[in-house]
Every structure is written in C-alpha cells, then in structure tokens.
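Raw contents of coords.cif, mmCIF, C-alpha atoms:
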```cif
data_my_file
#
loop_
_atom_site.group_PDB
_atom_site.id
_atom_site.type_symbol
_atom_site.label_atom_id
_atom_site.label_comp_id
_atom_site.auth_asym_id
_atom_site.auth_seq_id
_atom_site.Cartn_x
_atom_site.Cartn_y
_atom_site.Cartn_z
ATOM 1 C CA MET M 1 -23.199 28.332 -42.137
ATOM 2 C CA ALA M 2 -23.872 29.220 -45.736
ATOM 3 C CA ARG M 3 -26.246 32.027 -44.798
ATOM 4 C CA LEU M 4 -23.908 33.684 -42.241
ATOM 5 C CA ASN M 5 -21.515 36.374 -43.276
ATOM 6 C CA ASP M 6 -17.741 36.022 -42.798
ATOM 7 C CA ASP M 7 -17.672 37.742 -39.386
ATOM 8 C CA ALA M 8 -20.395 35.489 -37.963
ATOM 9 C CA GLN M 9 -18.646 32.355 -39.285
ATOM 10 C CA TRP M 10 -15.439 33.476 -37.582
ATOM 11 C CA ILE M 11 -17.251 34.007 -34.262
ATOM 12 C CA VAL M 12 -18.903 30.557 -34.433
ATOM 13 C CA LEU M 13 -15.574 28.903 -35.345
ATOM 14 C CA MET M 14 -13.799 30.584 -32.418
ATOM 15 C CA GLY M 15 -16.631 29.462 -30.118
ATOM 16 C CA PHE M 16 -16.062 25.844 -31.173
ATOM 17 C CA ILE M 17 -12.296 26.146 -30.634
ATOM 18 C CA VAL M 18 -12.727 27.655 -27.162
ATOM 19 C CA SER M 19 -15.295 25.004 -26.219
ATOM 20 C CA PHE M 20 -13.041 22.124 -27.273
ATOM 21 C CA SER M 21 -10.080 23.722 -25.487
ATOM 22 C CA LEU M 22 -12.018 24.010 -22.237
ATOM 23 C CA PHE M 23 -13.241 20.427 -22.585
ATOM 24 C CA PHE M 24 -9.644 19.193 -23.111
ATOM 25 C CA LEU M 25 -8.372 21.159 -20.094
ATOM 26 C CA ALA M 26 -11.190 19.793 -17.916
ATOM 27 C CA ILE M 27 -10.225 16.213 -18.817
ATOM 28 C CA LEU M 28 -6.553 16.960 -18.186
ATOM 29 C CA ILE M 29 -7.218 18.462 -14.739
ATOM 30 C CA ASN M 30 -9.540 15.582 -13.846
ATOM 31 C CA GLN M 31 -6.829 13.009 -14.636
ATOM 32 C CA SER M 32 -4.181 14.840 -12.615
ATOM 33 C CA THR M 33 -6.512 14.849 -9.603
ATOM 34 C CA VAL M 34 -6.993 11.087 -9.894
ATOM 35 C CA VAL M 35 -3.227 10.500 -10.011
ATOM 36 C CA GLY M 36 -2.676 12.636 -6.919
ATOM 37 C CA GLN M 37 -5.464 10.859 -5.061
ATOM 38 C CA THR M 38 -4.130 7.356 -5.734
ATOM 39 C CA THR M 39 -0.635 8.397 -4.686
ATOM 40 C CA ALA M 40 -1.951 9.794 -1.411
ATOM 41 C CA GLU M 41 -4.013 6.647 -0.813
ATOM 42 C CA ALA M 42 -0.939 4.462 -1.302
ATOM 43 C CA VAL M 43 0.857 6.356 1.438
ATOM 44 C CA SER M 44 -2.083 6.153 3.817
ATOM 45 C CA GLU M 45 -2.583 2.423 3.172
ATOM 46 C CA PHE M 46 0.770 1.438 4.684
ATOM 47 C CA PRO M 47 -0.316 -0.731 7.640
ATOM 48 C CA LYS M 48 1.947 0.589 10.419
ATOM 49 C CA ASN M 49 -0.225 -0.596 13.279
ATOM 50 C CA ASP M 50 -0.773 -4.038 11.769
ATOM 51 C CA ILE M 51 2.966 -4.501 11.307
ATOM 52 C CA ARG M 52 3.690 -3.283 14.839
ATOM 53 C CA GLY M 53 1.162 -5.683 16.319
ATOM 54 C CA VAL M 54 2.429 -8.701 14.405
ATOM 55 C CA ARG M 55 6.031 -7.746 15.138
ATOM 56 C CA GLU M 56 5.402 -7.532 18.901
ATOM 57 C CA VAL M 57 3.689 -10.935 18.972
ATOM 58 C CA ILE M 58 6.488 -12.548 16.940
ATOM 59 C CA ILE M 59 9.144 -11.153 19.257
ATOM 60 C CA ALA M 60 7.165 -12.272 22.308
ATOM 61 C CA SER M 61 6.743 -15.772 20.843
ATOM 62 C CA GLU M 62 10.516 -16.201 20.731
ATOM 63 C CA SER M 63 10.642 -16.142 24.544
ATOM 64 C CA ILE M 64 8.514 -19.316 24.835
ATOM 65 C CA THR M 65 10.700 -22.169 26.040
ATOM 66 C CA ASP M 66 8.479 -25.172 25.216
ATOM 67 C CA THR M 67 9.211 -26.057 21.564
ATOM 68 C CA THR M 68 5.809 -27.605 20.764
ATOM 69 C CA GLU M 69 4.006 -24.648 22.298
ATOM 70 C CA LYS M 70 6.312 -22.246 20.457
ATOM 71 C CA GLU M 71 5.636 -23.943 17.079
ATOM 72 C CA ARG M 72 1.879 -23.878 17.721
ATOM 73 C CA VAL M 73 1.918 -20.164 18.603
ATOM 74 C CA GLN M 74 4.012 -19.300 15.545
ATOM 75 C CA ARG M 75 1.694 -21.297 13.275
ATOM 76 C CA GLU M 76 -1.297 -19.453 14.776
ATOM 77 C CA ILE M 77 0.383 -16.080 14.151
ATOM 78 C CA LYS M 78 0.691 -16.892 10.449
ATOM 79 C CA ILE M 79 -2.890 -18.191 10.178
ATOM 80 C CA LEU M 80 -4.431 -15.246 12.037
ATOM 81 C CA SER M 81 -2.513 -12.615 10.073
ATOM 82 C CA LEU M 82 -3.601 -14.231 6.816
ATOM 83 C CA SER M 83 -7.259 -14.568 7.801
ATOM 84 C CA ARG M 84 -7.757 -11.252 9.634
ATOM 85 C CA GLN M 85 -5.369 -8.868 7.908
ATOM 86 C CA ASN M 86 -5.035 -10.580 4.508
ATOM 87 C CA ALA M 87 -1.286 -10.478 5.003
ATOM 88 C CA ALA M 88 1.303 -13.166 4.425
ATOM 89 C CA VAL M 89 3.651 -13.190 7.390
ATOM 90 C CA ASP M 90 6.794 -15.278 7.532
ATOM 91 C CA PHE M 91 9.493 -15.235 10.166
ATOM 92 C CA SER M 92 12.434 -17.270 11.298
ATOM 93 C CA ALA M 93 14.873 -17.089 14.174
ATOM 94 C CA LYS M 94 18.566 -17.876 14.273
ATOM 95 C CA SER M 95 20.470 -18.011 17.529
ATOM 96 C CA SER M 96 24.127 -17.427 18.093
ATOM 97 C CA THR M 97 26.012 -17.546 21.359
ATOM 98 C CA THR M 98 25.115 -13.977 22.337
ATOM 99 C CA HIS M 99 22.209 -12.857 20.118
ATOM 100 C CA THR M 100 19.011 -14.096 18.511
ATOM 101 C CA TYR M 101 18.230 -12.803 15.015
ATOM 102 C CA ILE M 102 14.581 -12.764 13.950
ATOM 103 C CA ASP M 103 13.822 -12.223 10.249
ATOM 104 C CA ILE M 104 10.299 -10.847 9.808
ATOM 105 C CA HIS M 105 8.590 -10.615 6.391
ATOM 106 C CA TYR M 106 5.146 -8.977 6.038
ATOM 107 C CA ASN M 107 3.262 -8.615 2.746
ATOM 108 C CA ASN M 108 -0.405 -7.728 2.315
ATOM 109 C CA GLY M 109 -0.358 -7.232 -1.454
ATOM 110 C CA VAL M 110 0.005 -3.458 -1.176
ATOM 111 C CA ALA M 111 2.858 -3.030 1.271
ATOM 112 C CA ALA M 112 5.867 -5.239 1.887
ATOM 113 C CA TYR M 113 7.951 -4.989 5.042
ATOM 114 C CA ASN M 114 11.157 -6.823 5.941
ATOM 115 C CA GLU M 115 13.069 -6.550 9.196
ATOM 116 C CA THR M 116 15.847 -8.333 11.028
ATOM 117 C CA TYR M 117 15.319 -7.922 14.759
ATOM 118 C CA THR M 118 18.202 -8.649 17.118
ATOM 119 C CA THR M 119 17.782 -9.615 20.763
ATOM 120 C CA SER M 120 20.508 -10.203 23.257
#
```

Full structure transcribed into structure tokens:
Amino acid sequence: MARLNDDAQWIVLMGFIVSFSLFFLAILINQSTVVGQTTAEAVSEFPKNDIRGVREVIIASESITDTTEKERVQREIKILSLSRQNAAVDFSAKSSTTHTYIDIHYNNGVAAYNETYTTS
C-alpha cells in the first residue's frame, strides 16, 4: 500500500471492513438457522404414535386374568419396546376396590412420558 495515495488506501481499507462484516453476518445467520432447525426437529421427534401403541397394549394387558400369562405378556412388552423402538418402558398397576391405577413410564432418550391411567 506504500505506492497508493491516501484516497486509494481508504477505499481498500473500507473494502476489507465491509468484507469482514459480511463474513461475520453470514456466520451469525448460519448459526441461527441451525438453532431453529434443531428446535423444530426436537418437536417433530416426539414419538406420539409409539407412545399410543405401547399405552394401548399395556392397558389391554391389564385385562388378562391368568397371572403367569399376564406376567409373560408384560415382560414381552418391555423387551419389544426396547428392541424395536429403543425405548425403556416401565409400568405397574395398583388396584383398589373400585379402580385400577396403571403408572406408565416411557423414555427413548429424547422424549420422556409419564402417565397414570385409571380404569374402573
């Protein structure tokens, strides 16, 4: 820059400043897009249908009257949900004189779901 006059040096310096500013803004906009994308993916990854399916089978398994068959079915529900959906499912049932309370816990590492279902 020693051979340029003062006006040319000023133009080159402003060019560098504008270039770096545009580069900084491009990085900033790129990062905000990534944050918005991951937030939207987290909402879309909530496994509604998987939870509904497991929930229906758990509730249906409570109507089995044979205790050995009931234990086998409930063990299979836990094994299948872990192997096919990569989800840890745990549930327990407590009966009172008028109602049965079923505690359902579903966790696939991304989404956790807890419910207490009451039957009469």

Might you spell out which residues the PyMOL selection byres ((chain M and resi 61) around 12) would select in the displayed file, as a list in words?
-> Val54, Arg55, Glu56, Val57, Ile58, Ile59, Ala60, Glu62, Ser63, Ile64, Thr65, Asp66, Thr67, Thr68, Glu69, Lys70, Glu71, Arg72, Val73, Gln74, Arg75, Glu76, Ile77, Phe91, Ser92, Ala93 and Ile102 of chain M

Output file for the selection above: C-alpha atoms, as a short mmCIF file (atom, residue, chain, number, x, y, z; two decimals), in the coordinates of the input:
```
data_model
loop_
_atom_site.label_atom_id
_atom_site.label_comp_id
_atom_site.auth_asym_id
_atom_site.auth_seq_id
_atom_site.Cartn_x
_atom_site.Cartn_y
_atom_site.Cartn_z
CA VAL M 54 2.43 -8.70 14.40
CA ARG M 55 6.03 -7.75 15.14
CA GLU M 56 5.40 -7.53 18.90
CA VAL M 57 3.69 -10.94 18.97
CA ILE M 58 6.49 -12.55 16.94
CA ILE M 59 9.14 -11.15 19.26
CA ALA M 60 7.16 -12.27 22.31
CA GLU M 62 10.52 -16.20 20.73
CA SER M 63 10.64 -16.14 24.54
CA ILE M 64 8.51 -19.32 24.84
CA THR M 65 10.70 -22.17 26.04
CA ASP M 66 8.48 -25.17 25.22
CA THR M 67 9.21 -26.06 21.56
CA THR M 68 5.81 -27.60 20.76
CA GLU M 69 4.01 -24.65 22.30
CA LYS M 70 6.31 -22.25 20.46
CA GLU M 71 5.64 -23.94 17.08
CA ARG M 72 1.88 -23.88 17.72
CA VAL M 73 1.92 -20.16 18.60
CA GLN M 74 4.01 -19.30 15.54
CA ARG M 75 1.69 -21.30 13.28
CA GLU M 76 -1.30 -19.45 14.78
CA ILE M 77 0.38 -16.08 14.15
CA PHE M 91 9.49 -15.24 10.17
CA SER M 92 12.43 -17.27 11.30
CA ALA M 93 14.87 -17.09 14.17
CA ILE M 102 14.58 -12.76 13.95
#
```

Would you list the residues near (10.6, -7.4, 7.6) (no more than 8 Å away, in the coordinates of the file, using all atoms listed in the file) as a PyMOL selection string?
-> chain M and resi 103-106+112-116

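Nearest residue to M:Gln85 among M:Thr97, M:Asn49, M:Thr119, M:Ser19 is M:Asn49, counting all atoms listed in the file.
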
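Taking atom CA of M:Asp90 and atom CA of M:Asn107 as endpoints, the distance between them is 8.9 Å.
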
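From atom CA of M:Val110 back to atom CA of M:Gln31, the distance works out to 22.3 Å.
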
Point-to-point distance from atom CA of M:Thr100 to atom CA of M:Leu80, Å rounded to tenths = 24.3 Å

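Nearest residue to M:Asn86 among M:Ala8, M:Ile27, M:Ile17, M:Ala111 is M:Ala111, counting all atoms listed in the file.
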
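Among M:Val89, M:Ser95, M:Leu13, M:Asn30, the residue with the shortest atom-to-atom distance to M:Ile51, counting all atoms listed in the file, is M:Val89.
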
Keeping N, CA and C atoms, write stretch 73-84 of chain M of the structure just shown out as a compact mmCIF listing (two decimals), in the first residue's frame.
```txt
# COMPACT_ATOMS: atom_id res chain seq x y z
N VAL M 73 -46.75 -61.56 29.09
CA VAL M 73 -47.12 -60.50 28.13
C VAL M 73 -46.46 -59.18 28.53
N GLN M 74 -46.49 -58.85 29.80
CA GLN M 74 -45.89 -57.59 30.24
C GLN M 74 -44.37 -57.60 30.06
N ARG M 75 -43.74 -58.73 30.28
CA ARG M 75 -42.29 -58.84 30.04
C ARG M 75 -41.99 -58.66 28.56
N GLU M 76 -42.83 -59.25 27.70
CA GLU M 76 -42.64 -59.12 26.25
C GLU M 76 -42.84 -57.67 25.78
N ILE M 77 -43.77 -56.95 26.40
CA ILE M 77 -43.97 -55.54 26.04
C ILE M 77 -42.69 -54.76 26.29
N LYS M 78 -42.07 -54.96 27.43
CA LYS M 78 -40.84 -54.25 27.76
C LYS M 78 -39.71 -54.62 26.81
N ILE M 79 -39.57 -55.91 26.50
CA ILE M 79 -38.49 -56.36 25.62
C ILE M 79 -38.68 -55.83 24.20
N LEU M 80 -39.91 -55.91 23.69
CA LEU M 80 -40.17 -55.45 22.32
C LEU M 80 -40.00 -53.93 22.18
N SER M 81 -40.45 -53.18 23.17
CA SER M 81 -40.29 -51.72 23.07
C SER M 81 -38.82 -51.33 23.12
N LEU M 82 -38.03 -52.07 23.89
CA LEU M 82 -36.60 -51.76 23.95
C LEU M 82 -35.89 -52.15 22.66
N SER M 83 -36.24 -53.30 22.08
CA SER M 83 -35.53 -53.75 20.89
C SER M 83 -36.01 -53.07 19.61
N ARG M 84 -37.29 -52.75 19.50
CA ARG M 84 -37.81 -52.18 18.25
C ARG M 84 -37.87 -50.67 18.24
```
